[in-house]
Every structure is written in C-alpha cells, then in structure tokens.
>>> print(open('data_13.csv').read())   # CSV, C-alpha atoms
chain,number,residue,atom,x,y,z
A,1,MET,CA,1.8,0.6,-12.4
A,2,THR,CA,1.4,0.0,-8.7
A,3,LEU,CA,-1.5,0.3,-6.2
A,4,ILE,CA,-0.7,0.4,-2.5
A,5,ILE,CA,-3.2,1.3,0.2
A,6,ALA,CA,-3.0,1.7,4.0
A,7,SER,CA,-6.0,2.6,6.2
A,8,LYS,CA,-6.9,3.0,9.8
A,9,CYS,CA,-9.8,1.1,11.2
A,10,LYS,CA,-11.3,0.4,14.7
A,11,ASP,CA,-8.9,-2.5,15.3
A,12,GLY,CA,-5.7,-0.7,14.1
A,13,LEU,CA,-4.5,-0.7,10.5
A,14,VAL,CA,-5.1,-2.6,7.2
A,15,LEU,CA,-2.5,-2.5,4.4
A,16,GLY,CA,-2.7,-3.9,0.9
A,17,SER,CA,-0.7,-3.9,-2.3
A,18,ASP,CA,-0.7,-5.5,-5.7
A,19,SER,CA,2.5,-7.4,-6.9
A,20,ARG,CA,2.8,-6.4,-10.6
A,21,SER,CA,5.8,-4.7,-12.0
A,22,ILE,CA,6.2,-3.8,-15.7
A,23,SER,CA,9.5,-3.1,-17.5
A,24,THR,CA,10.4,-2.5,-21.1
A,25,ASP,CA,13.5,-3.3,-23.1
A,26,GLY,CA,15.4,-1.1,-25.6
A,27,VAL,CA,13.0,-2.0,-28.4
A,28,GLY,CA,9.8,-1.4,-26.5
A,29,ALA,CA,8.8,-4.9,-25.5
A,30,ARG,CA,6.9,-5.1,-22.2
A,31,TYR,CA,7.7,-7.6,-19.5
A,32,ILE,CA,5.2,-8.2,-16.7
A,33,ARG,CA,6.2,-9.7,-13.4
A,34,ASP,CA,3.5,-10.6,-10.8
A,35,ALA,CA,5.8,-11.4,-7.9
A,36,THR,CA,7.1,-8.1,-6.7
A,37,ASP,CA,6.9,-7.7,-2.9
A,38,LYS,CA,5.6,-4.1,-2.3
A,39,LEU,CA,4.6,-4.5,1.3
A,40,ILE,CA,7.7,-4.8,3.6
A,41,LYS,CA,7.5,-5.7,7.4
A,42,LEU,CA,9.9,-3.5,9.4
A,43,ASN,CA,9.2,-4.9,12.8
A,44,ASP,CA,6.2,-6.4,14.7
A,45,TYR,CA,4.2,-3.1,14.6
A,46,SER,CA,5.3,-1.2,11.4
A,47,CYS,CA,5.4,-1.8,7.6
A,48,LEU,CA,6.4,0.1,4.5
A,49,LEU,CA,4.6,0.0,1.2
A,50,ILE,CA,6.6,0.9,-1.9
A,51,ALA,CA,5.8,2.3,-5.3
A,52,GLY,CA,7.8,3.7,-8.2
A,53,ASP,CA,11.2,2.1,-8.9
A,54,SER,CA,10.7,-1.2,-7.0
A,55,GLN,CA,14.3,-2.4,-7.4
A,56,ALA,CA,15.7,0.9,-6.0
A,57,SER,CA,13.2,0.8,-3.2
A,58,VAL,CA,14.1,-2.8,-2.2
A,59,ARG,CA,17.8,-2.0,-2.2
A,60,LEU,CA,17.2,1.0,0.0
A,61,LEU,CA,15.0,-1.0,2.4
A,62,GLU,CA,17.5,-3.8,2.7
A,63,GLU,CA,20.0,-1.4,4.2
A,64,PHE,CA,17.4,0.6,6.2
A,65,LYS,CA,16.0,-2.4,8.0
A,66,LYS,CA,19.3,-2.9,9.7
A,67,ASP,CA,18.6,0.4,11.6
A,68,VAL,CA,15.2,-0.6,12.7
A,69,LYS,CA,14.9,-1.9,16.3
A,70,PRO,CA,12.2,-4.4,17.4
A,71,ASP,CA,10.8,-1.8,19.8
A,72,ASP,CA,10.8,1.2,17.5
A,73,THR,CA,7.4,2.8,17.1
A,74,VAL,CA,6.2,4.0,13.8
A,75,SER,CA,7.0,7.7,14.6
A,76,VAL,CA,10.6,6.8,15.6
A,77,ILE,CA,10.9,4.8,12.3
A,78,SER,CA,9.6,7.8,10.3
A,79,LYS,CA,12.4,10.0,11.6
A,80,LYS,CA,15.0,7.3,11.0
A,81,PHE,CA,13.8,6.7,7.5
A,82,ASN,CA,13.8,10.4,6.6
A,83,LYS,CA,17.3,10.8,7.8
A,84,PHE,CA,18.5,7.6,6.1
A,85,CYS,CA,17.0,8.4,2.7
A,86,ARG,CA,18.3,12.0,2.7
A,87,LYS,CA,21.8,10.7,3.5
A,88,GLU,CA,21.6,8.0,0.7
A,89,TYR,CA,20.3,10.6,-1.8
A,90,GLU,CA,22.6,13.4,-0.8
A,91,PRO,CA,24.9,13.0,-3.9
A,92,TYR,CA,21.8,13.5,-6.2
A,93,SER,CA,20.9,16.7,-4.4
A,94,MET,CA,24.1,18.3,-5.4
A,95,ASN,CA,23.2,18.1,-9.1
A,96,ILE,CA,19.8,19.1,-10.5
A,97,SER,CA,20.3,16.8,-13.6
A,98,LEU,CA,21.2,13.8,-11.4
A,99,MET,CA,18.2,14.5,-9.2
A,100,LYS,CA,15.8,14.6,-12.1
A,101,ASN,CA,17.1,11.2,-13.3
A,102,SER,CA,17.2,9.5,-9.9
A,103,PRO,CA,14.8,6.7,-9.2
A,104,ARG,CA,11.3,7.8,-8.4
A,105,LEU,CA,10.4,6.5,-4.9
A,106,TYR,CA,7.1,6.6,-3.1
A,107,PHE,CA,6.4,5.1,0.3
A,108,ILE,CA,3.5,4.7,2.7
A,109,LEU,CA,4.7,4.1,6.3
A,110,ALA,CA,2.1,2.6,8.6
A,111,GLY,CA,2.3,1.3,12.1
A,112,LEU,CA,1.5,1.8,15.8
A,113,ASP,CA,2.8,4.2,18.4
A,114,LYS,CA,2.6,3.5,22.1
A,115,ASP,CA,-0.2,5.0,24.3
A,116,ASN,CA,0.2,6.3,27.8
A,117,GLU,CA,0.2,2.8,29.2
A,118,GLY,CA,3.1,1.7,26.9
A,119,LYS,CA,0.9,-0.4,24.7
A,120,ASN,CA,1.2,-0.3,20.9
A,121,SER,CA,-2.3,1.0,20.1
A,122,ILE,CA,-2.2,4.3,18.3
A,123,PRO,CA,-2.3,3.8,14.5
A,124,ARG,CA,-0.4,6.2,12.2
A,125,ILE,CA,0.0,6.5,8.5
A,126,PHE,CA,2.5,8.7,6.7
A,127,THR,CA,3.5,9.2,3.0
A,128,ILE,CA,7.1,9.8,2.1
A,129,THR,CA,8.4,10.5,-1.4
A,130,ARG,CA,11.6,11.3,-3.2
A,131,ASP,CA,9.8,14.3,-4.9
A,132,ASP,CA,9.4,16.0,-1.5
A,133,TRP,CA,13.0,15.1,-0.5
A,134,PHE,CA,11.7,12.4,1.8
A,135,PHE,CA,9.8,14.8,4.1
A,136,VAL,CA,7.4,12.9,6.3
A,137,GLY,CA,4.0,14.1,5.4
A,138,GLU,CA,1.1,14.8,7.8
A,139,GLU,CA,-0.6,11.9,9.4
A,140,ARG,CA,-3.5,10.5,7.4
A,141,GLU,CA,-6.6,8.5,8.0
A,142,TYR,CA,-5.7,6.5,4.9
A,143,ALA,CA,-3.3,6.7,2.0
A,144,ILE,CA,-3.5,5.5,-1.6
A,145,VAL,CA,-0.6,5.7,-4.0
A,146,GLY,CA,-0.4,4.5,-7.6
A,147,LYS,CA,-3.3,3.7,-9.9
A,148,ASN,CA,-5.7,5.3,-7.5
A,149,ASP,CA,-8.8,6.6,-9.4
A,150,ILE,CA,-11.0,3.6,-8.5
A,151,SER,CA,-9.7,3.4,-4.9
A,152,ASN,CA,-10.2,7.1,-4.3
A,153,TYR,CA,-13.8,6.8,-5.4
A,154,LEU,CA,-14.5,3.7,-3.3
A,155,PHE,CA,-12.9,5.2,-0.2
A,156,SER,CA,-14.8,8.5,-0.6
A,157,LYS,CA,-18.1,6.5,-0.6
A,158,LYS,CA,-17.4,3.7,1.9
A,159,TYR,CA,-14.6,4.7,4.3
A,160,ASP,CA,-16.9,5.6,7.2
A,161,GLU,CA,-18.8,2.4,6.9
A,162,TYR,CA,-15.9,0.1,6.3
A,163,SER,CA,-13.5,1.6,8.9
A,164,LEU,CA,-15.4,-0.1,11.7
A,165,SER,CA,-13.3,-3.3,11.7
A,166,SER,CA,-10.2,-4.8,10.1
A,167,GLU,CA,-12.5,-7.4,8.4
A,168,LYS,CA,-14.6,-4.7,6.6
A,169,MET,CA,-11.5,-2.6,5.8
A,170,THR,CA,-9.8,-5.6,4.3
A,171,GLU,CA,-12.8,-6.2,2.2
A,172,LEU,CA,-12.8,-2.6,0.9
A,173,ILE,CA,-9.0,-2.7,0.1
A,174,VAL,CA,-9.4,-6.0,-1.8
A,175,GLN,CA,-12.3,-4.5,-3.7
A,176,CYS,CA,-10.0,-1.6,-4.7
A,177,LEU,CA,-7.2,-3.9,-5.8
A,178,TYR,CA,-9.6,-6.3,-7.6
A,179,ASP,CA,-11.5,-3.6,-9.5
A,180,THR,CA,-8.4,-1.8,-10.5
A,181,GLU,CA,-6.9,-4.9,-12.1
A,182,LYS,CA,-10.1,-5.8,-13.9
A,183,ILE,CA,-10.6,-2.4,-15.3
A,184,ASP,CA,-7.1,-1.2,-15.9
A,185,GLY,CA,-4.7,-4.2,-15.9
A,186,GLU,CA,-1.6,-2.1,-15.2
A,187,SER,CA,-1.7,-3.3,-11.6
A,188,GLY,CA,-2.5,-6.8,-10.5
A,189,GLY,CA,-1.0,-10.1,-9.6
A,190,LYS,CA,-1.2,-11.7,-6.1
A,191,MET,CA,-2.5,-9.3,-3.5
A,192,HIS,CA,-0.4,-8.8,-0.3
A,193,LEU,CA,-2.6,-8.0,2.7
A,194,VAL,CA,-1.7,-7.4,6.4
A,195,SER,CA,-3.4,-6.0,9.5
A,196,ILE,CA,-1.6,-4.3,12.3
A,197,THR,CA,-3.2,-4.5,15.7
A,198,GLU,CA,-2.0,-4.4,19.3
A,199,TYR,CA,-1.0,-8.1,18.7
A,200,GLY,CA,1.4,-7.2,15.9
A,201,VAL,CA,1.5,-7.7,12.1
A,202,SER,CA,-0.5,-10.5,10.7
A,203,GLU,CA,-0.9,-11.5,7.0
A,204,THR,CA,-4.3,-12.1,5.5
A,205,ASP,CA,-5.2,-14.5,2.6
A,206,GLU,CA,-6.9,-12.7,-0.3
A,207,LYS,CA,-8.8,-15.8,-1.4
A,208,ILE,CA,-12.0,-15.6,0.7
A,209,TYR,CA,-12.4,-11.9,-0.1
A,210,VAL,CA,-11.9,-12.3,-3.8
A,211,GLU,CA,-14.5,-15.2,-3.8
A,212,ARG,CA,-17.0,-12.9,-2.1
A,213,ILE,CA,-16.5,-10.2,-4.8
A,214,GLU,CA,-16.7,-12.7,-7.6
A,215,GLN,CA,-19.9,-14.2,-6.1
A,216,ARG,CA,-21.5,-10.7,-5.9
A,217,ASP,CA,-20.5,-10.0,-9.5
A,218,LEU,CA,-22.1,-13.2,-10.6
A,219,VAL,CA,-25.3,-12.5,-8.8
A,220,SER,CA,-25.3,-9.0,-10.3
A,221,ILE,CA,-24.8,-10.4,-13.8
A,222,MET,CA,-27.6,-12.9,-13.3
A,223,GLU,CA,-30.0,-10.2,-12.0
A,224,SER,CA,-29.2,-8.0,-14.9
A,225,SER,CA,-29.8,-10.8,-17.4
A,226,SER,CA,-33.1,-11.6,-15.7
A,227,ILE,CA,-34.2,-7.9,-16.1
A,228,LEU,CA,-33.2,-7.8,-19.7
A,229,SER,CA,-35.1,-11.0,-20.4
A,230,GLU,CA,-38.3,-9.6,-18.8
A,231,ASP,CA,-38.0,-6.5,-20.8
A,232,GLU,CA,-37.8,-8.5,-24.0
>>> encode(input="data_13.csv", output="structure tokens")
Amino acid sequence: MTLIIASKCKDGLVLGSDSRSISTDGVGARYIRDATDKLIKLNDYSCLLIAGDSQASVRLLEEFKKDVKPDDTVSVISKKFNKFCRKEYEPYSMNISLMKNSPRLYFILAGLDKDNEGKNSIPRIFTITRDDWFFVGEEREYAIVGKNDISNYLFSKKYDEYSLSSEKMTELIVQCLYDTEKIDGESGGKMHLVSITEYGVSETDEKIYVERIEQRDLVSIMESSSILSEDE
C-alpha cells in the first residue's frame, strides 16, 4: 500500500511519499521492497506522485517525460498528461473486460504556474486517475492518496496551522508518513520529500524531522510513565 501527499503552503508546495511496494507470488508469499521511487521530477517546477501499479506507472512516465519541456508549467503538463494517458490506454477502452483488468493508476500532479510577471509562483495540485479516464480533477489545496486515514485526520486538524511555511508543512507530511508506517506497516521505507518554490524543486532529508518526532514520542512516553508512577 502507498501513501503519497502534496500540499500547498506559503512558500509554494511540499510533496512526500513512502517507498514501499508489496507483491505476492502464485502461492501467496509476500515480498516487500522499500526502494520504489513514487515521486518523479518532471522539470524544475513540477513533479508527479504515483500510486497503484508502480511498475506500470514508471513505464508510462518514462515515455511521458520525453514530452515535457523545461519551461512547461504545471497546467500545460496536466493537459499533456491527460492526452498522453488516454492515447496509451485507448486499446483498453475498446473492451470493458480489458479495462477492468488494466493496471490501476493514481497520480498527484503538483507544480507551479506563471504569474502575470512571468514568474513561477502559483502553486497547483491536481489528481489524475485511470478510474476517471485520466480526467484532470479540480485544483486542490492538498491531496492524499493511498493509506490515508491517519493523514486525512492530521490534515483536518493541522492544515491551517502548518500551511504557513514549507518547514512546518514538511513536518506535518513526515508525521503522516511516520505514523502511518508505525500503525499500519503496509506503507513505509525511506521517505521521499521535496519542496517546490519559485527557485525550483529541492529535495529534503527526512532525518531531522523523524528525529524530532521520535524525541517527542520519547518525552510523551516518559511523561505518561511518570503520571502512572505517581498514581501508584
């Protein structure tokens, strides 16, 4: 199971994904791989996050990236991606049985459009899925796809507070990925985090954010233990 997240913030956008993929063989054995790249840079101002059939998504994106120009805005890319995917999946559309058995693909497209001065400064987030025939959904403030129960709860409680800066939003997204792995285990592995600002796409190391969470958890455990000891 996957967890991918994209959110607007004051500085632009923050994106995050896990890296776990789980497959099974003919006798039901499960194989876990924690090295699947689910966050793909398209150009300096746009990225795609993938969920569903990761192998099919990667193959699709390898071809699609050839059509992406360095100066394409995210809105231009969304139209190109819609047209490209529909063309690639046209054979499936001719047969209901084939369509039902075609790879399940879910995408979050996030990036910047140009403002009136020609600067890349307007953040946009779209969801695109095979189930909706790759229709580009309405623009969102944030998008969460995959194992999303915990993330939906945290965003409903903290989005307004944490959307003030890319630093705070990164902290919230790491919290979502961290808690989901700890509680569920179906998603996990190394986190992939990026921010997109007027200066372009930049990667963020998860380590410092995970350390903060683990420190808070430790303090919480110690405080709980102290209260229990006093009650005894």
>>> closest_residue(input="data_13.csv", among="A:Ile77, A:Met191, A:Leu49, A:Leu39", to="A:Ala143", atoms="all atoms listed in the file")
A:Leu49
>>> closest_residue(input="data_13.csv", among="A:Glu181, A:Ile173, A:Met99, A:Ile196", to="A:Val74", atoms="all atoms listed in the file")
A:Ile196
>>> atom_distance(input="data_13.csv", atom1="atom CA of A:Ile50", atom2="atom CA of A:Ile108")
6.7 Å
>>> residues_around(input="data_13.csv", residues="A:Met1", least_positions_apart="2", cutoff="12 Å", atoms="only C-alpha atoms", output="PyMOL selection string")
chain A and resi 3-4+17-23+32-34+36+38+50-54+145-148+180-181+184-189
>>> atom_distance(input="data_13.csv", atom1="atom CA of A:Phe155", atom2="atom CA of A:Glu167")
15.3 Å
>>> residues_around(input="data_13.csv", residues="stretch 202-219 of chain A", least_positions_apart="2", cutoff="10 Å", atoms="all atoms listed in the file", output="PyMOL selection string")
chain A and resi 14-16+41+44-45+167+170-175+177-179+190-197+199-200+221-225
